[in-house]
2 protein chains.
Amino acid sequence: MTVKRRPGRRPGSADTRGEILSAARKVFAEKGFDKATVRGIAREAQVDPALVHHYFDTKDRMFTEAMRLPVTPELVIPTLLDGPREELGRRLVTMILTVTAEAETREPMIALIRSAMTNEQAAQMFKEFVTRALLSRVAEELGVPHLRIEAAFAQMFGVLMARYVLRLEPMASADPEELIDLLAPTIQRYFVE
Amino acid sequence: MTVKRRPGRRPGSADTRGEILSAARKVFAEKGFDKATVRGIAREAQVDPALVHHYFDTKDRMFTEAMRLPVTPELVIPTLLDGPREELGRRLVTMILTVTAEAETREPMIALIRSAMTNEQAAQMFKEFVTRALLSRVAEELGVPHLRIEAAFAQMFGVLMARYVLRLEPMASADPEELIDLLAPTIQRYFVE
């Protein structure tokens, strides 16, 4: 089967999007999430910044796609806010376990975490993303102290490590519903107490 | 300054202890914690098993020293059992944060965890040790379901990663007392509820 291209539409080369992501990875690695700019990434990719915006609405989304992080602020924040506050812990735990249940979305994230454990630059990127794009925003939206958000992050990070990297049993094979019942009250207490 | 050796006492070479540890690292790496035996380690070190017992009371202790893990069953289990059950969470969190506060005891453990993230053999060893020597025994002593012990492990593992590897702020600089107040109820709930 051959793929026909529409002749009139060609924003840059055929793989402009891939080239922007590749430039983004390089700039994020060099500067970290916080200091990297759309303008700097456009310069690295030798395209107009408007074209970067055409493919990726925000710097977050570009980072997410460059790193293939399945847990993004665009997903987390509405999940947290959409529903009664007394079920916030359950919503967050359910969302994290659901998103990481698929190998396709989980594995690139595990790869980044592994890199962050052994490579200072990857650690810096992971840390800046987690802090500034995820935890700080959640803290701000919900008015929860940063230390409590980080305790919740630590709980879920540890669970993903135990379940998918160390594969501790019974954690690795546990039914998601059982895990949700066990973990939701912990997250709820950090966020709401 | 010269060191005099007592002439009559020479249990193997001058660094027999070091040679046993070196053999232990090799055997643990090959077989994992569970399948490695004192006898096999003695054979690898070309010494009598009795000599291994002379230096290291138990296989756990040998593993701990070979890996330099600061959190050992000999430390954890008495800490958990010694005191009222309603303060168990606080005792465990305090113990873990105290032991890991010293760079000298913390760093070799972090090194093993880093290895476990990227090396399948190190992961196997860390996992077997954590499961069989630590978590299973705590579960047995306290009659707590394994999944709950692993949830507690995941919380504290995540905290150590956030505080010492990712160095997330404010977690990295948080006062131990503040962390204990925040985390103790989580561990208490997993162990006692």
# chains A, B, ... in the order shown; residues from 1 in each chain; ligands from 1
$ residues_around --residues "Val192 of chain B" --least-positions-apart "4" --cutoff "10 Å" --atoms "only C-alpha atoms" --output "PDB file with N, CA, C and O atoms, in the first residue's frame"
ATOM      1  N   ARG B  85       2.197  -0.844  69.615  1.00  0.00           N
ATOM      2  CA  ARG B  85       1.827  -1.065  68.207  1.00  0.00           C
ATOM      3  C   ARG B  85       1.287   0.216  67.555  1.00  0.00           C
ATOM      4  O   ARG B  85       1.455   0.422  66.369  1.00  0.00           O
ATOM      5  N   GLU B  86       0.673   1.083  68.353  1.00  0.00           N
ATOM      6  CA  GLU B  86       0.098   2.307  67.771  1.00  0.00           C
ATOM      7  C   GLU B  86       1.167   3.340  67.400  1.00  0.00           C
ATOM      8  O   GLU B  86       0.851   4.347  66.776  1.00  0.00           O
ATOM      9  N   GLU B  87       2.435   3.063  67.782  1.00  0.00           N
ATOM     10  CA  GLU B  87       3.512   3.980  67.378  1.00  0.00           C
ATOM     11  C   GLU B  87       4.477   3.320  66.390  1.00  0.00           C
ATOM     12  O   GLU B  87       5.574   3.818  66.149  1.00  0.00           O
ATOM     13  N   LEU B  88       4.054   2.173  65.854  1.00  0.00           N
ATOM     14  CA  LEU B  88       4.911   1.397  64.956  1.00  0.00           C
ATOM     15  C   LEU B  88       5.311   2.197  63.707  1.00  0.00           C
ATOM     16  O   LEU B  88       6.471   2.199  63.305  1.00  0.00           O
ATOM     17  N   GLY B  89       4.363   2.888  63.103  1.00  0.00           N
ATOM     18  CA  GLY B  89       4.637   3.689  61.905  1.00  0.00           C
ATOM     19  C   GLY B  89       5.699   4.741  62.189  1.00  0.00           C
ATOM     20  O   GLY B  89       6.659   4.896  61.425  1.00  0.00           O
ATOM     21  N   LEU B 142       4.662  -9.601  62.133  1.00  0.00           N
ATOM     22  CA  LEU B 142       3.558  -8.716  62.519  1.00  0.00           C
ATOM     23  C   LEU B 142       2.202  -9.210  62.027  1.00  0.00           C
ATOM     24  O   LEU B 142       1.184  -8.624  62.375  1.00  0.00           O
ATOM     25  N   GLY B 143       2.199 -10.269  61.232  1.00  0.00           N
ATOM     26  CA  GLY B 143       0.930 -10.779  60.713  1.00  0.00           C
ATOM     27  C   GLY B 143       0.220  -9.790  59.795  1.00  0.00           C
ATOM     28  O   GLY B 143      -0.998  -9.679  59.801  1.00  0.00           O
ATOM     29  N   VAL B 144       0.994  -9.039  59.011  1.00  0.00           N
ATOM     30  CA  VAL B 144       0.418  -8.051  58.093  1.00  0.00           C
ATOM     31  C   VAL B 144       0.482  -8.625  56.673  1.00  0.00           C
ATOM     32  O   VAL B 144       1.493  -9.233  56.313  1.00  0.00           O
ATOM     33  N   ARG B 148       0.383  -4.985  51.860  1.00  0.00           N
ATOM     34  CA  ARG B 148       0.435  -3.788  52.706  1.00  0.00           C
ATOM     35  C   ARG B 148       1.878  -3.440  53.072  1.00  0.00           C
ATOM     36  O   ARG B 148       2.249  -2.262  53.145  1.00  0.00           O
ATOM     37  N   ILE B 187       2.355   4.803  57.124  1.00  0.00           N
ATOM     38  CA  ILE B 187       2.946   3.488  57.435  1.00  0.00           C
ATOM     39  C   ILE B 187       2.108   2.789  58.508  1.00  0.00           C
ATOM     40  O   ILE B 187       1.829   1.588  58.416  1.00  0.00           O
ATOM     41  N   GLN B 188       1.688   3.554  59.497  1.00  0.00           N
ATOM     42  CA  GLN B 188       0.848   3.007  60.567  1.00  0.00           C
ATOM     43  C   GLN B 188      -0.423   2.375  59.989  1.00  0.00           C
ATOM     44  O   GLN B 188      -0.785   1.266  60.359  1.00  0.00           O
TER      45      GLN B 188
END
$ closest_atom_pairs --of "chain A" --to "chain B" --cutoff "7 Å" --atoms "only C-alpha atoms" --output "JSON lines"
{"residue": "A:Arg114", "atom": "CA", "partner": "B:Met117", "partner_atom": "CA", "distance": 5.7}
{"residue": "A:Met117", "atom": "CA", "partner": "B:Arg114", "partner_atom": "CA", "distance": 5.7}
{"residue": "A:Thr118", "atom": "CA", "partner": "B:Arg114", "partner_atom": "CA", "distance": 6.3}
{"residue": "A:Ala123", "atom": "CA", "partner": "B:Leu166", "partner_atom": "CA", "distance": 6.4}
{"residue": "A:Lys127", "atom": "CA", "partner": "B:Leu166", "partner_atom": "CA", "distance": 6.0}
{"residue": "A:His146", "atom": "CA", "partner": "B:Pro170", "partner_atom": "CA", "distance": 6.8}
{"residue": "A:Leu147", "atom": "CA", "partner": "B:Pro170", "partner_atom": "CA", "distance": 5.8}
{"residue": "A:Glu150", "atom": "CA", "partner": "B:Met171", "partner_atom": "CA", "distance": 6.8}
{"residue": "A:Ala151", "atom": "CA", "partner": "B:Val159", "partner_atom": "CA", "distance": 6.8}
{"residue": "A:Ala154", "atom": "CA", "partner": "B:Gly158", "partner_atom": "CA", "distance": 4.0}
{"residue": "A:Gln155", "atom": "CA", "partner": "B:Gln155", "partner_atom": "CA", "distance": 4.2}
{"residue": "A:Phe157", "atom": "CA", "partner": "B:Gly158", "partner_atom": "CA", "distance": 5.7}
{"residue": "A:Gly158", "atom": "CA", "partner": "B:Ala154", "partner_atom": "CA", "distance": 4.0}
{"residue": "A:Val159", "atom": "CA", "partner": "B:Ala154", "partner_atom": "CA", "distance": 5.1}
{"residue": "A:Ala162", "atom": "CA", "partner": "B:Ala154", "partner_atom": "CA", "distance": 6.5}
{"residue": "A:Leu166", "atom": "CA", "partner": "B:Lys127", "partner_atom": "CA", "distance": 5.9}
{"residue": "A:Leu168", "atom": "CA", "partner": "B:Lys127", "partner_atom": "CA", "distance": 6.8}
{"residue": "A:Pro170", "atom": "CA", "partner": "B:Leu147", "partner_atom": "CA", "distance": 5.9}
{"residue": "A:Met171", "atom": "CA", "partner": "B:Leu147", "partner_atom": "CA", "distance": 5.9}
{"residue": "A:Thr186", "atom": "CA", "partner": "B:Thr186", "partner_atom": "CA", "distance": 6.1}
$ select_by_dssp --residues "chain A" --states "helix (DSSP H, G or I)" --output "ChimeraX atom specification"
/A:16-35,38-45,49-55,59-67,73-81,85-101,103-118,120-142,146-165,171-173,176-192
$ atom_distance --atom1 "atom CA of Pro108 of chain A" --atom2 "atom CA of Arg68 of chain A"
5.9 Å
